[in-house]
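What follows is the content of data_15.cif, which has mmCIF, C-alpha atoms and all ligand atoms:
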```cif
data_input
loop_
_atom_site.label_atom_id
_atom_site.label_comp_id
_atom_site.auth_asym_id
_atom_site.auth_seq_id
_atom_site.Cartn_x
_atom_site.Cartn_y
_atom_site.Cartn_z
CA MET R 848 128.18 140.03 151.61
CA ARG R 849 124.98 139.51 153.48
CA PRO R 850 121.73 139.04 151.60
CA LEU R 851 119.25 141.85 152.14
CA ALA R 852 116.85 139.33 153.66
CA ALA R 853 118.85 139.63 156.90
CA SER R 854 117.50 143.14 157.49
CA SER R 855 113.89 141.98 157.15
CA LEU R 856 114.61 139.25 159.71
CA LEU R 857 115.80 141.95 162.08
CA LEU R 858 112.65 143.93 161.43
CA ALA R 859 110.52 140.87 162.15
CA ALA R 860 112.24 140.54 165.53
CA LEU R 861 111.23 144.05 166.64
CA PRO R 862 108.10 144.47 168.76
CA ALA R 863 105.18 145.54 166.59
CA ALA R 864 104.99 148.97 168.22
CA ALA R 865 108.58 149.71 167.24
CA GLN R 866 107.95 149.00 163.57
CA GLN R 867 107.37 151.99 161.34
CA ALA R 868 104.87 152.08 158.53
CA PRO R 869 106.67 150.69 155.47
CA ALA R 870 108.36 153.30 153.31
CA PRO R 871 106.85 153.68 149.85
CA PRO R 872 108.63 151.37 147.42
CA ALA R 873 111.49 153.19 145.75
CA GLN R 874 113.37 150.59 143.75
CA HIS R 875 112.72 152.47 140.52
CA ALA R 876 113.92 155.74 142.06
CA ASP R 877 117.04 153.99 143.43
CA TRP R 878 117.76 152.50 140.02
CA LEU R 879 117.55 155.86 138.28
CA ALA R 880 119.33 157.96 140.92
CA LYS R 881 121.88 155.58 142.44
CA MET R 882 122.55 152.62 140.16
CA LEU R 883 122.14 153.70 136.53
CA PRO R 884 124.69 156.57 136.73
CA LEU R 885 127.45 154.17 137.83
CA ILE R 886 128.84 152.70 134.60
CA PRO R 887 130.12 149.16 135.30
CA ARG R 888 133.91 148.93 135.13
CA GLY R 889 135.67 147.10 132.31
CA TYR R 890 138.91 145.07 132.40
CA VAL R 891 140.94 143.28 129.73
CA CYS R 892 142.13 139.91 131.06
CA GLN R 893 145.37 138.74 129.45
CA PHE R 894 146.32 135.14 128.73
CA ALA R 895 149.02 133.99 131.17
CA ALA R 896 152.36 133.20 129.56
CA SER R 897 152.83 130.63 132.33
CA PRO R 898 150.65 129.70 135.33
CA PRO R 899 151.27 131.81 138.45
CA VAL R 900 152.19 129.84 141.57
CA ILE R 901 149.18 130.03 143.88
CA ASP R 902 151.01 130.97 147.07
CA GLY R 903 149.38 134.35 147.77
CA LYS R 904 152.50 136.25 146.66
CA LEU R 905 151.97 138.35 143.56
CA ASP R 906 155.62 138.34 142.46
CA ASP R 907 155.13 135.79 139.63
CA ALA R 908 156.29 137.10 136.25
CA PRO R 909 152.89 136.54 134.55
CA TRP R 910 151.23 139.04 136.91
CA ASN R 911 153.39 141.77 135.34
CA ASP R 912 151.19 141.41 132.24
CA ALA R 913 148.03 142.01 134.28
CA GLN R 914 147.04 145.60 135.05
CA TRP R 915 145.76 146.52 138.48
CA THR R 916 142.08 147.35 138.61
CA ASP R 917 141.12 150.80 139.80
CA GLU R 918 141.27 151.09 143.58
CA PHE R 919 138.11 149.76 145.21
CA LYS R 920 135.45 152.26 146.27
CA ASP R 921 132.56 152.17 148.68
CA ILE R 922 129.77 149.93 147.37
CA GLU R 923 127.52 153.00 147.09
CA GLY R 924 130.10 154.91 145.03
CA ASP R 925 131.61 158.37 145.37
CA THR R 926 128.75 159.71 147.50
CA LYS R 927 130.27 157.74 150.42
CA PRO R 928 133.67 158.20 152.10
CA LYS R 929 136.74 156.80 150.36
CA PRO R 930 137.71 153.41 151.85
CA ARG R 931 140.15 153.65 154.75
CA PHE R 932 142.56 151.16 153.14
CA ARG R 933 143.51 150.50 149.52
CA THR R 934 142.31 147.36 147.70
CA ARG R 935 143.15 146.38 144.12
CA ALA R 936 142.81 143.24 142.01
CA ARG R 937 144.39 141.66 138.94
CA MET R 938 143.21 138.92 136.60
CA LEU R 939 144.77 136.43 134.17
CA TRP R 940 143.61 133.27 132.45
CA ASP R 941 144.86 130.21 130.59
CA GLU R 942 143.37 127.00 129.20
CA ASN R 943 142.66 125.62 132.67
CA PHE R 944 142.02 128.47 135.10
CA PHE R 945 140.68 131.97 135.64
CA TYR R 946 143.25 133.56 137.99
CA ILE R 947 142.38 136.36 140.39
CA ALA R 948 144.78 138.20 142.67
CA ALA R 949 143.99 140.93 145.16
CA ASP R 950 146.06 143.12 147.40
CA LEU R 951 144.47 144.49 150.58
CA ASP R 952 146.25 147.13 152.68
CA GLU R 953 145.46 146.44 156.33
CA PRO R 954 147.13 147.59 159.54
CA HIS R 955 145.45 144.87 161.64
CA ILE R 956 145.01 141.52 159.90
CA TRP R 957 142.62 139.16 161.66
CA ALA R 958 140.50 136.12 160.90
CA THR R 959 138.63 133.62 163.05
CA LEU R 960 136.63 131.27 160.81
CA THR R 961 138.17 127.91 159.96
CA ASN R 962 135.21 125.87 158.64
CA HIS R 963 134.69 125.64 154.88
CA ASP R 964 131.35 127.13 153.79
CA ALA R 965 131.03 129.18 157.01
CA VAL R 966 129.60 132.68 156.59
CA ILE R 967 133.01 134.16 155.83
CA PHE R 968 131.98 137.83 155.67
CA GLN R 969 131.65 137.75 159.46
CA ASP R 970 135.44 138.09 159.24
CA PRO R 971 137.17 140.64 157.01
CA ASP R 972 137.16 138.96 153.62
CA PHE R 973 137.74 139.10 149.87
CA GLU R 974 134.80 138.11 147.65
CA VAL R 975 134.38 137.20 143.99
CA PHE R 976 131.09 137.09 142.06
CA ILE R 977 130.91 135.62 138.55
CA ASP R 978 127.96 135.62 136.14
CA PRO R 979 129.46 134.07 133.01
CA ASN R 980 126.69 134.93 130.54
CA GLY R 981 125.41 138.17 132.08
CA ASP R 982 121.78 137.07 132.38
CA SER R 983 121.65 137.92 136.15
CA HIS R 984 120.78 134.29 136.98
CA GLU R 985 122.96 131.24 137.68
CA TYR R 986 125.98 132.97 139.18
CA PHE R 987 128.76 132.04 141.60
CA GLU R 988 129.96 133.63 144.81
CA PHE R 989 133.29 132.92 146.51
CA GLU R 990 134.53 134.38 149.79
CA MET R 991 137.82 133.88 151.64
CA ASN R 992 139.39 135.24 154.81
CA ALA R 993 143.02 135.75 155.84
CA LEU R 994 143.16 132.12 157.09
CA ASN R 995 142.32 131.01 153.53
CA THR R 996 139.02 129.60 154.76
CA THR R 997 136.66 129.59 151.79
CA TRP R 998 132.92 129.70 151.08
CA ASP R 999 131.70 128.83 147.61
CA LEU R 1000 128.07 129.01 146.65
CA PHE R 1001 125.81 129.08 143.64
CA LEU R 1002 122.77 131.29 143.18
CA PRO R 1003 120.16 130.21 140.63
CA LYS R 1004 118.85 133.79 140.86
CA PRO R 1005 119.38 136.83 143.12
CA TYR R 1006 117.96 136.83 146.66
CA LYS R 1007 115.63 139.72 145.72
CA ASP R 1008 114.06 137.45 143.09
CA GLY R 1009 113.61 134.48 145.43
CA GLY R 1010 116.95 132.81 144.79
CA PRO R 1011 118.22 130.38 147.42
CA ALA R 1012 121.94 130.25 148.26
CA MET R 1013 123.23 126.79 147.38
CA ASN R 1014 126.16 126.25 149.75
CA SER R 1015 126.53 122.65 148.66
CA TRP R 1016 127.95 123.92 145.37
CA GLU R 1017 131.70 123.26 145.40
CA ILE R 1018 134.58 124.15 143.09
CA PRO R 1019 136.58 120.96 142.57
CA GLY R 1020 140.19 121.79 141.71
CA LEU R 1021 140.04 125.33 143.13
CA LYS R 1022 143.34 126.68 144.41
CA SER R 1023 143.57 129.62 146.79
CA SER R 1024 146.26 131.04 149.00
CA VAL R 1025 146.96 134.01 151.28
CA HIS R 1026 150.20 135.88 151.92
CA ILE R 1027 150.35 138.03 155.05
CA ARG R 1028 152.63 141.05 155.24
CA GLY R 1029 152.70 141.35 159.00
CA SER R 1030 151.23 139.07 161.64
CA LEU R 1031 147.82 137.43 161.83
CA ASN R 1032 145.62 137.91 164.93
CA ASN R 1033 148.39 139.76 166.74
CA PRO R 1034 147.37 143.34 167.65
CA ALA R 1035 150.78 144.10 169.21
CA ASP R 1036 152.20 145.28 165.88
CA THR R 1037 151.03 147.15 162.81
CA ASP R 1038 150.66 145.12 159.62
CA GLU R 1039 151.05 146.14 155.99
CA GLY R 1040 148.36 144.01 154.40
CA TRP R 1041 147.46 140.69 152.88
CA SER R 1042 147.27 139.40 149.34
CA VAL R 1043 145.31 136.53 147.86
CA GLU R 1044 145.72 134.39 144.77
CA ILE R 1045 142.87 132.26 143.44
CA ALA R 1046 142.69 129.83 140.50
CA PHE R 1047 139.13 129.00 139.44
CA PRO R 1048 139.02 125.95 137.15
CA TRP R 1049 137.05 126.62 133.96
CA LYS R 1050 135.59 123.16 134.32
CA ALA R 1051 133.66 124.22 137.45
CA LEU R 1052 132.83 127.72 136.18
CA GLY R 1053 131.56 126.21 132.94
CA GLU R 1054 128.93 124.05 134.65
CA CYS R 1055 126.20 126.67 134.44
CA ALA R 1056 127.91 129.23 132.23
CA ARG R 1057 125.73 128.54 129.19
CA ARG R 1058 128.67 129.66 127.06
CA PRO R 1059 132.20 128.40 126.34
CA ALA R 1060 134.57 127.99 129.31
CA PRO R 1061 137.42 128.77 128.81
CA PRO R 1062 136.05 131.79 126.96
CA ALA R 1063 136.46 132.59 123.28
CA GLU R 1064 138.55 135.58 122.19
CA GLY R 1065 136.77 138.80 123.19
CA ASP R 1066 134.11 137.15 125.36
CA GLN R 1067 133.03 139.28 128.31
CA TRP R 1068 131.95 137.80 131.64
CA ARG R 1069 130.34 139.76 134.45
CA VAL R 1070 132.55 139.81 137.55
CA GLY R 1071 132.23 141.56 140.92
CA PHE R 1072 134.86 141.90 143.66
CA SER R 1073 134.05 142.97 147.18
CA ARG R 1074 136.05 143.41 150.35
CA VAL R 1075 134.22 143.31 153.67
CA GLU R 1076 135.92 145.26 156.45
CA TRP R 1077 134.79 145.56 160.07
CA GLN R 1078 135.72 148.35 162.45
CA ILE R 1079 137.52 146.93 165.45
CA GLU R 1080 138.99 147.86 168.79
CA ILE R 1081 141.68 146.07 170.77
CA LYS R 1082 140.54 144.63 174.13
CA ASP R 1083 142.72 142.45 176.33
CA GLY R 1084 145.13 141.89 173.46
CA LYS R 1085 142.37 140.75 171.09
CA TYR R 1086 140.46 142.27 168.20
CA VAL R 1087 136.80 142.95 168.93
CA LYS R 1088 134.27 144.29 166.45
CA LEU R 1089 132.81 147.69 167.35
CA PRO R 1090 129.29 146.98 168.57
CA ASN R 1091 126.31 148.10 166.46
CA THR R 1092 128.60 149.09 163.62
CA PRO R 1093 127.79 147.74 160.17
CA GLU R 1094 130.50 146.37 157.94
CA ASN R 1095 132.11 148.36 155.14
CA ASN R 1096 131.82 146.96 151.63
CA TRP R 1097 134.62 148.18 149.38
CA ILE R 1098 134.27 147.03 145.82
CA TRP R 1099 135.72 147.25 142.32
CA SER R 1100 132.65 148.34 140.36
CA PRO R 1101 130.32 150.31 142.69
CA GLN R 1102 126.74 149.05 142.85
CA GLY R 1103 125.09 152.30 144.01
CA ILE R 1104 123.19 150.55 146.81
CA ILE R 1105 124.34 148.17 149.55
CA ASP R 1106 123.65 144.90 147.76
CA MET R 1107 126.18 142.88 145.76
CA HIS R 1108 123.38 140.66 144.47
CA ARG R 1109 122.55 143.00 141.59
CA PRO R 1110 124.63 141.35 138.87
CA GLU R 1111 123.53 144.00 136.37
CA ARG R 1112 126.03 146.44 137.98
CA TRP R 1113 129.06 144.10 138.17
CA GLY R 1114 132.11 144.83 136.06
CA TYR R 1115 132.91 143.34 132.65
CA VAL R 1116 135.98 141.15 132.17
CA GLN R 1117 137.01 140.77 128.52
CA PHE R 1118 139.24 137.78 127.77
CA THR R 1119 141.99 137.92 125.16
CA ARG R 1120 144.90 135.78 124.00
CA LYS R 1121 146.51 138.71 122.17
CA PRO R 1122 149.73 140.27 123.48
CA PRO R 1123 149.45 142.57 126.52
CA GLY R 1124 148.74 146.18 125.62
CA THR R 1125 147.31 145.41 122.17
CA VAL R 1126 143.62 145.04 123.09
CA THR R 1127 141.38 147.72 124.56
CA PHE R 1128 138.12 147.16 126.38
CA SER R 1129 135.00 147.25 124.18
CA PRO R 1130 131.92 148.61 125.97
CA ASP R 1131 128.96 146.22 125.87
CA PRO R 1132 126.79 147.19 122.86
CA SER R 1133 123.74 145.72 124.62
CA ALA R 1134 124.12 148.07 127.63
CA PRO R 1135 121.40 150.55 126.48
CA ALA R 1136 118.88 147.71 126.17
CA ARG R 1137 119.91 146.20 129.50
CA ASN R 1138 119.56 149.54 131.28
CA ARG R 1139 116.16 150.28 129.74
CA LEU R 1140 114.90 146.84 130.80
CA GLN R 1141 116.18 147.27 134.36
CA GLU R 1142 114.29 150.55 134.54
CA ILE R 1143 111.07 148.70 133.66
CA TYR R 1144 111.86 145.80 136.01
CA TYR R 1145 112.41 148.07 139.03
CA ALA R 1146 109.28 150.10 138.22
CA GLN R 1147 107.38 146.79 138.07
CA LYS R 1148 108.76 145.82 141.51
CA ASP R 1149 107.40 149.07 142.95
CA HIS R 1150 104.09 148.57 141.15
CA PHE R 1151 103.76 145.04 142.52
CA ALA R 1152 104.58 146.23 146.06
CA ARG R 1153 101.79 148.82 145.85
CA HIS R 1154 99.11 146.91 143.94
CA ASN R 1155 100.03 143.24 144.30
CA ARG R 1156 99.98 142.83 140.53
CA TRP R 1157 102.26 143.59 137.60
CA ALA R 1158 101.56 146.51 135.28
CA ALA R 1159 100.43 145.65 131.77
CA SER R 1160 101.85 148.73 130.05
CA LEU R 1161 104.53 151.40 130.21
CA LYS R 1162 101.75 153.91 130.83
CA ASP R 1163 100.69 152.11 134.02
CA LEU R 1164 104.31 152.44 135.17
CA SER R 1165 104.54 156.12 134.14
CA ILE R 1166 107.51 155.20 131.95
CA SER R 1167 108.04 157.11 128.72
CA PRO R 1168 107.64 155.12 125.47
CA ASP R 1169 110.66 157.05 124.15
CA ALA R 1170 112.49 155.17 121.39
CA THR R 1171 115.80 156.97 121.03
CA PRO R 1172 118.23 154.95 118.83
CA PRO R 1173 119.70 152.42 119.19
CA LEU R 1174 116.55 151.34 121.06
CA GLY R 1175 112.96 150.92 119.92
CA THR R 1176 109.89 151.28 122.12
CA PRO R 1177 109.69 148.71 124.94
CA VAL R 1178 106.64 146.46 125.24
CA ILE R 1179 105.30 144.67 128.33
CA HIS R 1180 103.50 141.32 128.08
CA LEU R 1181 101.80 139.74 131.07
CA THR R 1182 102.53 136.01 131.43
CA PRO R 1183 101.22 133.27 133.75
CA GLU R 1184 104.38 133.74 135.89
CA GLY R 1185 104.43 137.54 135.84
CA PHE R 1186 105.64 139.62 132.94
CA ILE R 1187 108.20 139.84 130.20
CA ALA R 1188 109.32 143.23 128.91
CA THR R 1189 111.10 143.50 125.57
CA VAL R 1190 112.99 146.22 123.75
CA PRO R 1191 114.48 146.13 120.23
CA LEU R 1192 118.16 147.07 119.96
CA THR R 1193 119.88 147.99 116.70
CA LEU R 1194 123.62 147.34 116.66
CA PRO R 1195 126.20 149.43 114.75
CA ASP R 1196 126.17 146.84 111.92
CA ASN R 1197 122.40 147.52 111.56
CA SER R 1198 121.46 144.08 112.82
CA SER R 1199 118.70 144.11 115.36
CA ARG R 1200 117.91 141.97 118.39
CA LEU R 1201 115.09 141.86 120.85
CA TRP R 1202 116.20 141.99 124.50
CA SER R 1203 113.98 140.93 127.37
CA ILE R 1204 113.65 140.94 131.14
CA ARG R 1205 111.29 138.89 133.30
CA GLN R 1206 109.71 139.42 136.71
CA ASP R 1207 112.62 137.46 138.25
CA ALA R 1208 115.25 139.71 136.60
CA LEU R 1209 116.38 137.17 133.98
CA VAL R 1210 117.85 139.14 131.07
CA GLN R 1211 118.01 137.46 127.67
CA SER R 1212 118.36 138.31 124.04
CA LEU R 1213 115.58 136.58 122.12
CA PRO R 1214 115.85 135.06 118.67
CA ASN R 1215 114.70 137.50 116.02
CA PRO R 1216 111.00 137.02 115.26
CA CA W 1 152.18 133.67 143.41
CA CA W 2 124.25 133.49 134.39
CA CA W 3 130.17 125.30 149.00
CA CA W 4 149.32 142.01 163.36
#
```

Structure rendered as structure tokens:
Amino acid sequence: MRPLAASSLLLAALPAAAQQAPAPPAQHADWLAKMLPLIPRGYVCQFAASPPVIDGKLDDAPWNDAQWTDEFKDIEGDTKPKPRFRTRARMLWDENFFYIAADLDEPHIWATLTNHDAVIFQDPDFEVFIDPNGDSHEYFEFEMNALNTTWDLFLPKPYKDGGPAMNSWEIPGLKSSVHIRGSLNNPADTDEGWSVEIAFPWKALGECARRPAPPAEGDQWRVGFSRVEWQIEIKDGKYVKLPNTPENNWIWSPQGIIDMHRPERWGYVQFTRKPPGTVTFSPDPSAPARNRLQEIYYAQKDHFARHNRWAASLKDLSISPDATPPLGTPVIHLTPEGFIATVPLTLPDNSSRLWSIRQDALVQSLPNP
């Protein structure tokens, strides 16, 4: 998944006369119209009775305990065409690993990249994003192609908030494998698809998780899956990408806009050791606070783009002070670095927490005053 910065590089390369006046900032409008209505998906991840063999084949008995996710959709959601080919994923875990499997229907399986940490989405790929503690910072990205070439990286914060991609981050002990139903890089036939199996060691995922890894019973981690697909034609017996045709991004939990680096819209994976079929997914009780804070954050981004400063109040952002339960009225504080916005959230047990977001999108629950 490319960072959005790539498009601004393209813009910079255009002659000045070809550049249009910048569109008015619309991050707040996009949040309300495109992102907020898409409720992040939830998944209950069962404890594996025995470790699956990481060979790309999903015929191991433990996978029978793992439900398929919903079929992947376009990254922008149902407003865009249904993906041309089906993609689904499954998850399991045990004391040592977080296991992810995916099945990708594909009539023409191809891959070219063979160097670890290459920009894998230039090939068709399968991608995993993991934000263990759901604060939108310090998250992992993993991409692999049909040659099982991998790219693992760590993001201290999203690109939109100034985060650099740290390619040097590695996952010691990672296992991944691909199984091809058909032939690779051979356009003479029609293939069925490819499947992947990945085992992420908790030891590596726990490095910057800021919470227990392996997880405790009921813990929920934020997880995104994406499949990048390119439209191709066959020339001289080889696959060639259609020129000037952007990639498709087909994903588990639609983001609403074409950017995977919005961890606030990734799905929720809830870990359990209880028997399969006995646990249901519990929606995140902090979701109302998180959504209200994102609304303020995106309005602040627009305000900063227009005025080169952060707004000091909801009024300056034309945001209603509405305090419909379980939320109280949000408050904005300016800080030396930017701003922090807070909102009180009352939980069903009547306990109350203050939730916050900063100018760099970090979401936290603060200790009670
Ligand atoms: Ca297997
Ligand atoms: Ca995090
Ligand atoms: Ca790496
Ligand atoms: Ca083939």

For this session: For ligand CA 1 (chain W), list the contacting residues at 7 Å or closer, counting only C-alpha atoms and all ligand atoms, as an MDAnalysis selection string.
Result: chainID R and resid 899:907 1044

For this session: Report the distance between CA of Gln1078 in chain R and CA of Thr961 in chain R in Å, rounded to one decimal place.
Result: 20.7 Å

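Pairwise distance (CA of Asp1196 in chain R, CA of Thr1176 in chain R) equals 19.7 Å.
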
Exercise. Quick one: residues within 6 Å of ligand CA 3 (chain W), with only C-alpha atoms and all ligand atoms, as a ChimeraX atom specification?
Worked result: /R:964,998-1000,1014-1017

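Omitting Arg937 in chain R and its sequence neighbours fewer than 4 positions away, and counting all atoms listed in the file, the residues within 9 Å are R:Cys892, R:Trp910, R:Ala913, R:Gln914, R:Trp915, R:Thr916, R:Tyr946, R:Ile947, R:Ala948, R:Ala949, R:Asp950.
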
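Near ligand CA 2 (chain W), at distances of 9 Å or less and with only C-alpha atoms and all ligand atoms counted, sit the residues Ile977, Asp978, Pro979, Asn980, Gly981, Asp982, Ser983, His984, Glu985, Tyr986, Phe987, Pro1003, Lys1004, Cys1055, Ala1056, Arg1057, Arg1069 and Leu1209 of chain R.
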
Please write out the residues within 12 Å of ligand CA 4 (chain W) as a PDB file with C-alpha atoms, in the coordinates of the input, counting all atoms listed in the file.
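Okay, selection33.pdb is ready:
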```pdb
ATOM      1  CA  GLU R 953     145.460 146.440 156.330  1.00  0.00           C
ATOM      2  CA  PRO R 954     147.130 147.590 159.540  1.00  0.00           C
ATOM      3  CA  HIS R 955     145.450 144.870 161.640  1.00  0.00           C
ATOM      4  CA  ILE R 956     145.010 141.520 159.900  1.00  0.00           C
ATOM      5  CA  TRP R 957     142.620 139.160 161.660  1.00  0.00           C
ATOM      6  CA  ALA R 958     140.500 136.120 160.900  1.00  0.00           C
ATOM      7  CA  ALA R 993     143.020 135.750 155.840  1.00  0.00           C
ATOM      8  CA  ILE R1027     150.350 138.030 155.050  1.00  0.00           C
ATOM      9  CA  ARG R1028     152.630 141.050 155.240  1.00  0.00           C
ATOM     10  CA  GLY R1029     152.700 141.350 159.000  1.00  0.00           C
ATOM     11  CA  SER R1030     151.230 139.070 161.640  1.00  0.00           C
ATOM     12  CA  LEU R1031     147.820 137.430 161.830  1.00  0.00           C
ATOM     13  CA  ASN R1032     145.620 137.910 164.930  1.00  0.00           C
ATOM     14  CA  ASN R1033     148.390 139.760 166.740  1.00  0.00           C
ATOM     15  CA  PRO R1034     147.370 143.340 167.650  1.00  0.00           C
ATOM     16  CA  ALA R1035     150.780 144.100 169.210  1.00  0.00           C
ATOM     17  CA  ASP R1036     152.200 145.280 165.880  1.00  0.00           C
ATOM     18  CA  THR R1037     151.030 147.150 162.810  1.00  0.00           C
ATOM     19  CA  ASP R1038     150.660 145.120 159.620  1.00  0.00           C
ATOM     20  CA  GLU R1039     151.050 146.140 155.990  1.00  0.00           C
ATOM     21  CA  GLY R1040     148.360 144.010 154.400  1.00  0.00           C
ATOM     22  CA  TRP R1041     147.460 140.690 152.880  1.00  0.00           C
ATOM     23  CA  ILE R1081     141.680 146.070 170.770  1.00  0.00           C
ATOM     24  CA  GLY R1084     145.130 141.890 173.460  1.00  0.00           C
ATOM     25  CA  LYS R1085     142.370 140.750 171.090  1.00  0.00           C
ATOM     26  CA  TYR R1086     140.460 142.270 168.200  1.00  0.00           C
TER      27      TYR R1086
END
```

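Take the candidates R:Gly1065, R:Pro1101, R:Pro1048, R:Pro971 and check each one against Pro1130 in chain R using all atoms listed in the file; the shortest distance goes to R:Gly1065.
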
For this session: For each of R:Phe919, R:Phe1118, R:Phe976, R:Phe1151, take the minimum atom-to-atom distance to Pro1059 in chain R, counting all atoms listed in the file, then give the residue where this is smallest.
Result: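 So, comparing all the options, the nearest one is R:Phe1118.
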
For this session: Please measure the separation of CA of Leu1194 in chain R and CA of Met882 in chain R, giving the value in Å to one decimal.
Result: 24.1 Å

All residues 8 Å or closer to range 1157-1168 of chain R, only C-alpha atoms, same chain fewer than 2 positions away omitted, as a PDB file with C-alpha atoms, keeping the file's coordinate frame:
```
ATOM      1  CA  ILE R1143     111.070 148.700 133.660  1.00  0.00           C
ATOM      2  CA  ALA R1146     109.280 150.100 138.220  1.00  0.00           C
ATOM      3  CA  GLN R1147     107.380 146.790 138.070  1.00  0.00           C
ATOM      4  CA  LYS R1148     108.760 145.820 141.510  1.00  0.00           C
ATOM      5  CA  HIS R1150     104.090 148.570 141.150  1.00  0.00           C
ATOM      6  CA  PHE R1151     103.760 145.040 142.520  1.00  0.00           C
ATOM      7  CA  HIS R1154      99.110 146.910 143.940  1.00  0.00           C
ATOM      8  CA  ASN R1155     100.030 143.240 144.300  1.00  0.00           C
ATOM      9  CA  ALA R1170     112.490 155.170 121.390  1.00  0.00           C
ATOM     10  CA  THR R1176     109.890 151.280 122.120  1.00  0.00           C
ATOM     11  CA  PRO R1177     109.690 148.710 124.940  1.00  0.00           C
ATOM     12  CA  VAL R1178     106.640 146.460 125.240  1.00  0.00           C
ATOM     13  CA  ILE R1179     105.300 144.670 128.330  1.00  0.00           C
ATOM     14  CA  HIS R1180     103.500 141.320 128.080  1.00  0.00           C
ATOM     15  CA  LEU R1181     101.800 139.740 131.070  1.00  0.00           C
ATOM     16  CA  GLY R1185     104.430 137.540 135.840  1.00  0.00           C
ATOM     17  CA  PHE R1186     105.640 139.620 132.940  1.00  0.00           C
TER      18      PHE R1186
END
```

For this session: Considering only C-alpha atoms, state which residue in the set R:His1026, R:His963, R:Lys1007, R:Arg935 is at the smallest distance from Asp1207 in chain R.
Result: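 Closest to Asp1207 in chain R of all the choices is R:Lys1007.
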
Problem set entry | Counting all atoms listed in the file, the residue of R:Met938, R:Ile1045, R:Leu1174, R:Ile1018 that sits nearest Gln893 in chain R |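 Checking each candidate against Gln893 in chain R, we get R:Met938 as the closest.
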
For this session: Between R:Asp1149, R:Glu923, R:Asp1169, R:Asp912, single out the one closest to Arg1112 in chain R, counting only C-alpha atoms.
Result: R:Glu923

Taking (136.4, 139.7, 159.3) as a centre in this file's frame and 10 Å as the limit, can you find every polymer residue with an atom that close, using only C-alpha atoms, and give them as a compact mmCIF listing (two decimals) with C-alpha atoms, in the frame of the given file?
```txt
# COMPACT_ATOMS: atom_id res chain seq x y z
CA ILE R 956 145.01 141.52 159.90
CA TRP R 957 142.62 139.16 161.66
CA ALA R 958 140.50 136.12 160.90
CA THR R 959 138.63 133.62 163.05
CA LEU R 960 136.63 131.27 160.81
CA ILE R 967 133.01 134.16 155.83
CA PHE R 968 131.98 137.83 155.67
CA GLN R 969 131.65 137.75 159.46
CA ASP R 970 135.44 138.09 159.24
CA PRO R 971 137.17 140.64 157.01
CA ASP R 972 137.16 138.96 153.62
CA PHE R 973 137.74 139.10 149.87
CA MET R 991 137.82 133.88 151.64
CA ASN R 992 139.39 135.24 154.81
CA ALA R 993 143.02 135.75 155.84
CA ARG R 1074 136.05 143.41 150.35
CA VAL R 1075 134.22 143.31 153.67
CA GLU R 1076 135.92 145.26 156.45
CA TRP R 1077 134.79 145.56 160.07
CA GLN R 1078 135.72 148.35 162.45
CA ILE R 1079 137.52 146.93 165.45
CA LYS R 1088 134.27 144.29 166.45
CA GLU R 1094 130.50 146.37 157.94
```

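Among the candidates R:Phe944, R:Phe1128, R:Glu990, R:Gln1117, the residue lying nearest to Ala1063 in chain R is R:Gln1117 (atoms considered: only C-alpha atoms).
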
For this session: Name the residues in contact with range 871-874 of chain R at a cut-off of 8 Å, using all atoms listed in the file, excluding same-chain residues fewer than 2 positions from it; report them as a PyMOL selection string.
Result: chain R and resi 869+876-878+1145-1146+1148-1149+1152-1153
